[in-house]
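Q: Enclosed is the structure file entry23.cif (mmCIF, C-alpha atoms).
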```cif
data_input
#
loop_
_atom_site.label_atom_id
_atom_site.label_comp_id
_atom_site.auth_asym_id
_atom_site.auth_seq_id
_atom_site.Cartn_x
_atom_site.Cartn_y
_atom_site.Cartn_z
CA MET A 1046 91.80 0.48 -12.10
CA ASP A 1047 88.17 0.41 -10.96
CA GLU A 1048 88.52 -3.27 -10.23
CA LEU A 1049 91.61 -2.56 -8.14
CA LYS A 1050 89.79 0.19 -6.26
CA LYS A 1051 86.95 -2.22 -5.47
CA LEU A 1052 89.39 -4.85 -4.29
CA TRP A 1053 91.21 -2.23 -2.21
CA ASN A 1054 88.02 -1.11 -0.51
CA ASN A 1055 87.00 -4.69 0.23
CA ALA A 1056 90.39 -5.36 1.75
CA LYS A 1057 89.99 -2.22 3.84
CA GLN A 1058 86.70 -3.40 5.24
CA SER A 1059 88.29 -6.66 6.29
CA ALA A 1060 90.97 -4.83 8.29
CA PRO A 1061 90.68 -5.64 12.00
CA ALA A 1062 89.13 -2.89 14.11
CA SER A 1063 90.53 -1.90 17.45
CA ALA A 1064 89.58 1.10 19.50
CA ILE A 1065 92.08 0.85 22.35
CA THR A 1066 93.99 4.09 22.27
CA ALA A 1067 95.24 4.28 25.87
CA PRO A 1068 98.27 1.98 25.34
CA LEU A 1069 99.24 3.99 22.27
CA ILE A 1070 99.17 7.22 24.26
CA LEU A 1071 101.34 5.64 26.95
CA GLN A 1072 103.74 4.34 24.30
CA ALA A 1073 103.92 7.79 22.72
CA ALA A 1074 104.82 9.37 26.06
CA ALA A 1075 107.46 6.70 26.77
CA LYS A 1076 108.92 7.08 23.27
CA ARG A 1077 109.18 10.84 23.60
CA LYS A 1078 110.93 10.43 26.94
CA SER A 1079 113.42 7.85 25.64
CA SER A 1080 114.15 9.96 22.55
CA VAL A 1081 114.88 13.02 24.73
CA TYR A 1082 117.08 10.90 27.02
CA PHE A 1083 118.97 9.48 24.04
CA GLN A 1084 119.58 12.91 22.49
CA TYR A 1085 120.70 14.53 25.71
CA SER A 1086 122.63 11.60 27.23
CA ASN A 1087 125.45 12.12 24.73
CA ILE A 1088 125.68 15.80 25.64
CA PHE A 1089 125.49 14.97 29.32
CA ILE A 1090 128.37 12.46 29.12
CA LEU A 1091 130.54 14.87 27.12
CA ALA A 1092 129.72 17.72 29.52
CA VAL A 1093 130.64 15.60 32.56
CA VAL A 1094 133.97 14.60 30.96
CA ALA A 1095 134.73 18.23 30.06
CA LEU A 1096 133.82 19.36 33.60
CA VAL A 1097 135.96 16.65 35.24
CA LEU A 1098 138.92 17.57 33.01
CA TRP A 1099 138.46 21.26 33.75
CA LEU A 1100 138.28 20.63 37.53
CA PHE A 1101 141.29 18.34 37.36
CA PHE A 1102 143.50 20.64 35.28
CA TYR A 1103 142.43 24.05 36.56
CA ARG A 1104 141.27 23.51 40.14
CA LEU A 1105 142.67 20.33 41.72
CA TYR A 1106 146.08 20.03 40.05
CA PRO A 1107 146.80 23.28 38.17
CA LEU A 1108 149.36 22.72 35.45
CA ALA A 1109 152.64 24.60 35.64
CA SER A 1110 154.01 24.67 32.09
CA LEU A 1111 152.65 26.57 29.07
CA LEU A 1112 152.79 23.38 27.00
CA SER A 1113 150.52 21.57 29.47
CA SER A 1114 148.11 24.51 29.55
CA ILE A 1115 147.86 24.39 25.76
CA GLY A 1116 147.33 20.61 25.97
CA SER A 1117 144.55 20.82 28.55
CA GLY A 1118 142.98 23.69 26.60
CA LEU A 1119 142.93 21.59 23.44
CA MET A 1120 141.34 18.65 25.27
CA VAL A 1121 138.62 20.67 27.02
CA GLY A 1122 138.12 22.91 23.96
CA GLY A 1123 137.64 19.89 21.69
CA LEU A 1124 134.98 18.50 24.00
CA VAL A 1125 133.19 21.87 24.27
CA LEU A 1126 133.18 22.15 20.47
CA ARG A 1127 131.68 18.65 20.25
CA ILE A 1128 128.97 19.59 22.79
CA CYS A 1129 128.08 22.69 20.74
CA ILE A 1130 127.81 20.57 17.60
CA GLU A 1131 125.56 18.04 19.36
CA ILE A 1132 123.26 20.86 20.52
CA LEU A 1133 123.17 22.25 16.97
CA SER A 1134 122.34 18.75 15.69
CA ILE A 1135 119.39 18.47 18.07
CA ILE A 1136 118.09 21.87 16.94
CA ARG A 1137 118.41 20.87 13.27
CA SER A 1138 116.82 17.45 13.77
CA GLY A 1139 113.90 19.18 15.52
CA LYS A 1140 113.05 20.79 12.17
CA ILE A 1141 112.10 17.41 10.69
CA HIS A 1142 108.33 17.20 11.08
CA PHE A 1143 106.07 14.27 10.27
CA THR A 1144 103.28 16.67 9.36
CA ASP A 1145 105.23 18.20 6.45
CA SER A 1146 104.83 16.90 2.91
CA ALA A 1147 106.95 13.85 2.05
CA LEU A 1148 109.23 15.93 -0.17
CA HIS A 1149 109.71 18.65 2.45
CA ASN A 1150 110.26 16.09 5.20
CA THR A 1151 112.81 14.19 3.09
CA SER A 1152 114.60 17.40 2.03
CA THR A 1153 114.89 18.56 5.65
CA ALA A 1154 116.25 15.14 6.62
CA VAL A 1155 118.74 15.25 3.72
CA SER A 1156 119.92 18.69 4.83
CA TYR A 1157 120.29 17.41 8.41
CA TYR A 1158 122.34 14.38 7.32
CA ARG A 1159 124.50 16.56 5.03
CA PHE A 1160 125.23 18.72 8.07
CA ARG A 1161 126.15 15.56 9.99
CA LYS A 1162 128.35 14.47 7.09
CA THR A 1163 130.30 17.75 7.34
CA ILE A 1164 130.68 17.24 11.08
CA HIS A 1165 131.80 13.65 10.69
CA GLY A 1166 134.40 14.61 8.14
CA PRO A 1167 136.76 17.51 8.90
CA VAL A 1168 135.24 18.56 12.24
CA THR A 1169 135.47 15.15 13.94
CA ILE A 1170 139.00 14.63 12.64
CA LEU A 1171 139.91 18.08 13.99
CA ILE A 1172 138.39 17.33 17.41
CA VAL A 1173 140.05 13.90 17.72
CA ALA A 1174 143.38 15.35 16.58
CA ALA A 1175 143.12 18.30 19.01
CA TYR A 1176 142.23 15.98 21.89
CA SER A 1177 145.10 13.57 21.08
CA ILE A 1178 147.70 16.32 20.62
CA GLY A 1179 146.45 17.96 23.82
CA TYR A 1180 146.82 14.67 25.71
CA TYR A 1181 150.42 14.11 24.56
CA LEU A 1182 151.33 17.74 25.33
CA LEU A 1183 150.64 16.94 28.99
CA MET A 1184 153.24 14.16 29.02
CA PRO A 1185 156.41 16.29 29.55
CA GLU A 1186 154.97 17.82 32.74
CA TRP A 1187 153.46 14.57 33.97
CA SER A 1188 156.82 12.82 33.49
CA ARG A 1189 158.10 15.00 36.34
CA TYR A 1190 155.50 13.58 38.75
CA PHE A 1191 154.99 9.99 37.57
CA PRO A 1192 157.44 7.04 37.33
CA VAL A 1193 158.46 5.72 33.91
CA SER A 1194 156.18 2.68 34.18
CA ILE A 1195 153.07 4.87 34.69
CA MET A 1196 154.20 7.17 31.89
CA LEU A 1197 154.58 4.20 29.55
CA LEU A 1198 151.12 3.00 30.52
CA LEU A 1199 149.62 6.46 29.92
CA CYS A 1200 151.31 6.80 26.52
CA CYS A 1201 150.53 3.27 25.30
CA SER A 1202 146.95 2.95 26.60
CA TYR A 1203 145.75 6.12 24.88
CA PRO A 1204 146.03 4.78 21.29
CA VAL A 1205 144.12 1.63 22.32
CA GLY A 1206 141.26 3.70 23.78
CA ALA A 1207 141.38 6.07 20.82
CA ILE A 1208 141.13 3.19 18.32
CA ILE A 1209 138.08 1.76 20.13
CA ILE A 1210 136.37 5.18 20.19
CA ILE A 1211 137.25 5.88 16.53
CA LYS A 1212 135.79 2.48 15.54
CA LEU A 1213 132.56 3.26 17.40
CA ILE A 1214 132.37 6.69 15.79
CA ARG A 1215 133.00 5.18 12.34
CA LYS A 1216 130.16 2.68 12.87
CA GLY A 1217 127.79 5.54 13.68
CA ILE A 1218 129.03 7.54 10.70
CA ARG A 1219 128.51 4.61 8.31
CA LYS A 1220 124.93 4.19 9.53
CA GLU A 1221 124.21 7.89 9.06
CA MET A 1222 125.81 7.96 5.62
CA ASP A 1223 123.69 4.95 4.55
CA ASP A 1224 120.65 6.88 5.76
CA LEU A 1225 121.76 9.90 3.73
CA GLN A 1226 122.13 7.80 0.57
CA GLU A 1227 118.68 6.30 1.09
CA LEU A 1228 117.17 9.74 1.66
CA VAL A 1229 118.75 11.20 -1.47
CA LYS A 1230 117.39 8.26 -3.46
CA LEU A 1231 113.98 8.82 -1.90
CA GLN A 1232 114.13 12.52 -2.69
CA ASN A 1233 114.89 11.65 -6.33
CA ASP A 1234 112.03 9.14 -6.42
CA ILE A 1235 109.62 11.79 -5.17
CA LYS A 1236 110.88 14.39 -7.62
CA GLU A 1237 111.14 11.86 -10.48
CA GLU A 1238 108.51 13.52 -12.67
CA ALA A 1239 109.18 17.03 -11.45
CA ASP A 1240 112.54 17.32 -13.25
CA MET B 74 94.11 22.01 24.00
CA SER B 75 93.72 20.27 27.36
CA ASP B 76 94.94 16.72 27.89
CA ALA B 77 91.36 15.41 28.07
CA GLN B 78 90.44 17.22 24.83
CA GLN B 79 93.53 15.84 23.13
CA ARG B 80 92.68 12.31 24.25
CA GLN B 81 89.10 12.68 23.05
CA LEU B 82 90.18 14.03 19.66
CA PHE B 83 92.81 11.33 19.29
CA THR B 84 90.32 8.55 20.05
CA SER B 85 87.90 9.98 17.52
CA LEU B 86 90.63 10.25 14.87
CA TYR B 87 91.75 6.73 15.65
CA ASP B 88 88.23 5.34 15.29
CA THR B 89 87.66 7.21 12.04
CA TYR B 90 90.96 6.59 10.29
CA GLN B 91 92.44 3.41 11.71
CA ALA B 92 90.97 1.20 8.92
CA MET B 93 92.48 3.55 6.33
CA VAL B 94 95.85 3.48 8.11
CA VAL B 95 95.84 -0.31 8.57
CA GLN B 96 95.11 -0.78 4.88
CA LEU B 97 97.88 1.63 3.88
CA CYS B 98 100.34 -0.15 6.18
CA THR B 99 99.33 -3.61 4.93
CA GLY B 100 99.79 -2.51 1.32
CA PHE B 101 103.09 -0.84 2.12
CA MET B 102 104.37 -3.94 3.90
CA ASN B 103 103.43 -6.31 1.07
CA GLY B 104 100.54 -7.75 3.05
CA ASP B 105 102.56 -8.61 6.18
CA LYS B 106 100.07 -8.10 8.99
CA ASN B 107 102.64 -8.12 11.80
CA LEU B 108 104.81 -5.46 10.22
CA ALA B 109 101.71 -3.52 9.25
CA ASN B 110 100.59 -3.58 12.86
CA ASP B 111 103.98 -2.26 14.05
CA LEU B 112 103.76 0.49 11.48
CA ARG B 113 100.15 1.35 12.39
CA GLN B 114 101.24 1.80 16.01
CA GLU B 115 104.14 3.99 14.94
CA ILE B 116 101.82 6.16 12.82
CA PHE B 117 99.33 6.70 15.63
CA ILE B 118 102.12 7.40 18.11
CA ASN B 119 103.39 10.10 15.74
CA THR B 120 99.82 11.37 15.32
CA TRP B 121 99.45 11.72 19.08
CA LYS B 122 102.77 13.56 19.30
CA ALA B 123 101.85 15.90 16.43
CA LEU B 124 98.29 16.58 17.61
CA PRO B 125 99.06 19.68 19.75
CA GLY B 126 100.58 21.26 16.61
CA TYR B 127 97.51 20.72 14.41
CA ARG B 128 96.41 24.12 13.11
CA GLY B 129 93.54 23.07 10.88
CA GLU B 130 95.38 24.03 7.67
CA ALA B 131 94.54 20.65 6.15
CA ALA B 132 91.66 18.23 6.67
CA TYR B 133 92.34 15.56 9.29
CA LYS B 134 92.43 12.88 6.59
CA THR B 135 95.16 14.67 4.60
CA TRP B 136 97.02 15.51 7.79
CA ILE B 137 97.01 11.86 8.93
CA TYR B 138 98.04 10.76 5.45
CA ARG B 139 101.08 13.07 5.70
CA ILE B 140 102.07 11.52 9.01
CA ALA B 141 101.41 8.03 7.66
CA VAL B 142 103.45 8.55 4.48
CA ASN B 143 106.41 10.07 6.33
CA THR B 144 106.28 7.36 8.98
CA CYS B 145 106.18 4.61 6.33
CA LEU B 146 109.20 6.07 4.53
CA GLN B 147 111.13 6.48 7.77
CA TYR B 148 110.11 3.04 9.04
CA LEU B 149 111.50 1.33 5.96
CA ARG B 150 114.83 3.09 6.47
CA LYS B 151 114.94 2.38 10.20
CA GLU B 152 113.97 -1.26 9.93
CA LYS B 153 116.29 -1.98 7.01
CA GLY B 154 118.48 -4.83 8.10
CA LYS B 155 116.34 -5.64 11.13
CA LYS B 156 113.29 -7.19 9.49
CA LYS B 157 112.89 -7.83 5.81
CA VAL B 158 109.65 -7.69 3.92
CA THR B 159 109.92 -10.76 1.77
CA SER B 160 107.63 -12.84 -0.34
CA GLU B 161 107.13 -14.94 2.81
CA ALA B 162 104.97 -12.07 4.05
CA LEU B 163 102.49 -12.76 1.29
CA GLU B 164 102.49 -16.46 2.06
CA ASN B 165 101.80 -15.65 5.72
CA TYR B 166 99.00 -13.41 4.62
CA GLN B 167 97.40 -16.31 2.75
CA ALA B 168 97.85 -18.71 5.64
CA ASP B 169 96.40 -16.29 8.16
CA ASP B 170 92.80 -16.05 7.01
CA THR B 171 90.07 -18.43 6.09
CA THR B 172 88.50 -16.84 3.05
CA ALA B 173 90.97 -18.26 0.58
CA SER B 174 89.70 -16.83 -2.69
CA ALA B 175 89.36 -13.29 -1.35
CA ASN B 176 92.84 -13.55 0.11
CA GLU B 177 94.21 -14.75 -3.18
CA ASN B 178 92.91 -11.56 -4.76
CA TYR B 179 94.35 -9.40 -2.00
CA THR B 180 97.65 -11.23 -2.32
CA THR B 181 97.78 -10.42 -6.03
CA LEU B 182 96.95 -6.80 -5.22
CA TYR B 183 99.61 -6.50 -2.51
CA ARG B 184 102.16 -8.31 -4.67
CA ALA B 185 101.59 -5.88 -7.52
CA ILE B 186 101.75 -2.84 -5.23
CA GLY B 187 104.81 -4.28 -3.49
CA ALA B 188 106.68 -4.46 -6.80
CA LEU B 189 106.63 -0.65 -7.03
CA ASN B 190 109.15 1.59 -5.28
CA SER B 191 108.16 2.93 -1.86
CA VAL B 192 107.00 6.37 -3.06
CA ASP B 193 104.97 4.99 -5.98
CA ARG B 194 103.46 2.42 -3.64
CA LEU B 195 102.21 5.15 -1.31
CA VAL B 196 100.91 7.30 -4.17
CA ILE B 197 98.93 4.49 -5.78
CA MET B 198 97.46 3.46 -2.43
CA MET B 199 96.16 7.01 -1.94
CA VAL B 200 94.69 6.87 -5.46
CA LEU B 201 93.02 3.55 -4.65
CA ASP B 202 91.68 5.12 -1.47
CA GLU B 203 90.13 7.83 -3.67
CA LEU B 204 91.95 10.74 -2.09
CA GLU B 205 91.66 13.86 -4.27
CA TYR B 206 94.70 14.54 -6.48
CA GLU B 207 94.98 17.98 -4.88
CA ASP B 208 95.29 16.34 -1.46
CA ILE B 209 97.75 13.68 -2.68
CA SER B 210 99.95 16.43 -4.16
CA LYS B 211 99.91 18.17 -0.76
CA VAL B 212 100.82 14.95 1.03
CA ILE B 213 103.69 14.16 -1.35
CA GLY B 214 104.81 17.76 -1.89
CA ILE B 215 104.83 17.92 -5.69
CA SER B 216 102.60 19.91 -8.05
CA GLU B 217 99.32 18.43 -9.22
CA VAL B 218 100.59 18.36 -12.82
CA ASN B 219 103.65 16.36 -11.82
CA LEU B 220 101.49 14.12 -9.71
CA ARG B 221 99.23 13.33 -12.66
CA VAL B 222 102.25 12.36 -14.76
CA LYS B 223 103.56 10.25 -11.89
CA ILE B 224 100.22 8.50 -11.40
CA HIS B 225 99.97 7.81 -15.12
CA ARG B 226 103.38 6.14 -15.09
CA ILE B 227 102.59 4.18 -11.93
CA LYS B 228 99.37 2.89 -13.48
CA GLN B 229 101.32 1.76 -16.54
CA ARG B 230 103.88 0.00 -14.35
CA LEU B 231 101.11 -1.60 -12.31
CA LYS B 232 99.34 -2.81 -15.47
CA LYS B 233 102.57 -4.41 -16.67
CA ILE B 234 103.14 -6.08 -13.30
CA MET B 235 99.56 -7.37 -13.15
CA ALA B 236 99.79 -8.68 -16.71
CA HIS B 237 103.02 -10.43 -15.83
CA GLU B 238 101.41 -11.95 -12.71
CA GLN B 239 98.55 -13.47 -14.76
#
```
Re-express the file's structure as structure tokens.
A:
Amino acid sequence: MDELKKLWNNAKQSAPASAITAPLILQAAAKRKSSVYFQYSNIFILAVVALVLWLFFYRLYPLASLLSSIGSGLMVGGLVLRICIEILSIIRSGKIHFTDSALHNTSTAVSYYRFRKTIHGPVTILIVAAYSIGYYLLMPEWSRYFPVSIMLLLCCSYPVGAIIIIKLIRKGIRKEMDDLQELVKLQNDIKEEAD
Amino acid sequence: MSDAQQRQLFTSLYDTYQAMVVQLCTGFMNGDKNLANDLRQEIFINTWKALPGYRGEAAYKTWIYRIAVNTCLQYLRKEKGKKKVTSEALENYQADDTTASANENYTTLYRAIGALNSVDRLVIMMVLDELEYEDISKVIGISEVNLRVKIHRIKQRLKKIMAHEQ
């Protein structure tokens, strides 16, 4: 072990020295900015969609039937629920600190990803189902205003869009679930001797 | 802390601990200098971001070690699939420098450390860097007793690996 320590210290001395910190500070600022943009861009997009739908259904072209009102409510409600979850996710991810111990940091990350797992499971299915049902509940009223060809287009194009979105969501979920598995393994490695 | 004070403190921390961080990163990345450099940058970026929150509860060295360890563990997860740390890294390490015999020794050292799992790798590197067990236990987040058991097992594993190498 002493020999290894000596070797380690010699290797350390041969490490290249560099004292330029300014680029690192700039990089840190840019990284913080891009991370904030990334976290909030999702919420921003969802909020814009929800706002456009609300304006469309409640201000520009108010719906006449009860069925359509339920449909639009499900669509906007699903989006609002998703926005709330995204905000909650940001708050929870903010609890992961690099200055905590490795075990604490990993445990907080595991708890965050478990929360995401719950969201991705029943909650996402519920939101997608609510949005889809809501969309098709609008069809009876819309059929009074639009020709059959447009109605066919509206009915058939939705599943295509939904499949693309579901595939994208699934890709994200898979990545997060892989992260969760890795983190649980890491947590076990850290606690290996503690059990 | 004003911006100028933060910059001054950061520069001083960087000057004091960058050799320690570079060595930790190189060991963690199996001797791959390019990956180690990426990781070093990441660690100091996180240090800069965390600096306003430093409350003096731990010494700067322990505090930076915490950031370094967490960044290393996260980096491995994030980069999985993008870049792979392979045995080629060690070959690159040998080809990079001129002092062949010294590098051969370092290569053996990095190869042995690289054969351990990521947590054990970080623990043994802190031991090699002569960080107090009390501080290592604070960085990792386990009790000192458990840490001693862990270190004992890592040393045994390392001995086996080194014996196998020779």
Q: What's the 8 Å shell around Ala1154 (chain A), counting all atoms listed in the file, without same-chain residues fewer than 5 positions away, as a ChimeraX atom specification?
A: /A:1138,1141,1228
Q: Just to be explicit: take each residue in the selection above, keep C-alpha atoms, and write the result as a PDB file, in the coordinates of the input.
A:
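Produced file out-v3.pdb, reproduced below:
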```
ATOM      1  CA  SER A1138     116.820  17.450  13.770  1.00  0.00           C
ATOM      2  CA  ILE A1141     112.100  17.410  10.690  1.00  0.00           C
ATOM      3  CA  LEU A1228     117.170   9.740   1.660  1.00  0.00           C
TER       4      LEU A1228
END
```
Q: Residues of chain A within 6 Å of chain B: nearest atom pair and distance (Å, one decimal) for each, counting all atoms listed in the file, sorted by chain and number, as a Markdown table?
A:
```
| residue | atom | partner | partner_atom | distance |
| --- | --- | --- | --- | --- |
| A:Lys1050 | CA | B:Leu201 | CA | 4.9 |
| A:Lys1057 | CA | B:Gln96 | CA | 5.4 |
| A:Ala1073 | CA | B:Ile118 | CA | 5.0 |
| A:Phe1143 | CA | B:Ile140 | CA | 5.0 |
| A:Thr1144 | CA | B:Ile140 | CA | 5.3 |
| A:Ser1146 | CA | B:Val212 | CA | 4.8 |
| A:Ala1147 | CA | B:Ile213 | CA | 4.7 |
| A:Leu1148 | CA | B:Gly214 | CA | 5.1 |
| A:Glu1238 | CA | B:Asn219 | CA | 5.7 |
| A:Ala1239 | CA | B:Asn219 | CA | 5.6 |
```
Q: Please produce a file of those selected residues containing C-alpha atoms, as a PDB file, in the frame of the given file.
A:
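Heads up, here's the output in selection05.pdb:
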```
ATOM      1  CA  LYS A1050      89.790   0.190  -6.260  1.00  0.00           C
ATOM      2  CA  LYS A1057      89.990  -2.220   3.840  1.00  0.00           C
ATOM      3  CA  ALA A1073     103.920   7.790  22.720  1.00  0.00           C
ATOM      4  CA  PHE A1143     106.070  14.270  10.270  1.00  0.00           C
ATOM      5  CA  THR A1144     103.280  16.670   9.360  1.00  0.00           C
ATOM      6  CA  SER A1146     104.830  16.900   2.910  1.00  0.00           C
ATOM      7  CA  ALA A1147     106.950  13.850   2.050  1.00  0.00           C
ATOM      8  CA  LEU A1148     109.230  15.930  -0.170  1.00  0.00           C
ATOM      9  CA  GLU A1238     108.510  13.520 -12.670  1.00  0.00           C
ATOM     10  CA  ALA A1239     109.180  17.030 -11.450  1.00  0.00           C
TER      11      ALA A1239
END
```
Q: What would the selection look like, as a PyMOL selection string, if the PyMOL selection byres ((chain A and resi 1162-1179) around 7) were run on the coordinates I just shared?
A: chain A and resi 1115-1117+1119-1120+1123+1158-1161+1180-1183+1218
Q: In Å, rounded to a single decimal, give me how far CA of Pro1185 (chain A) is from CA of Cys1201 (chain A).
A: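 Here the two named atoms are 14.9 Å from each other.
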Q: If you measure from CA of Met1184 (chain A) to CA of Phe1101 (chain A), what distance in Å do you get, rounded to one decimal?
A: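 Straight-line distance from CA of Met1184 (chain A) to CA of Phe1101 (chain A) works out to 15.2 Å.
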Q: Please evaluate the PyMOL selection byres ((chain A and resi 1078-1092) around 10) against the structure above and give the resulting residues as a ChimeraX atom specification.
A: /A:1072-1077,1093-1098,1121,1124-1125,1127-1132,1134-1135
Q: Box for region 222-227 of chain B - axis-aligned, 8 Å on each of the six sides, all listed atoms - centre and size in Å to one decimal, as lines of an AutoDock Vina configuration file.
A:
```
center_x = 101.8
center_y = 8.3
center_z = -13.3
size_x = 19.6
size_y = 24.2
size_z = 19.7
```
Q: Take CA of Ser1202 (chain A) and CA of Lys1220 (chain A) and report the distance between them in Å, one decimal.
A: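 Separation between CA of Ser1202 (chain A) and CA of Lys1220 (chain A): 27.9 Å.
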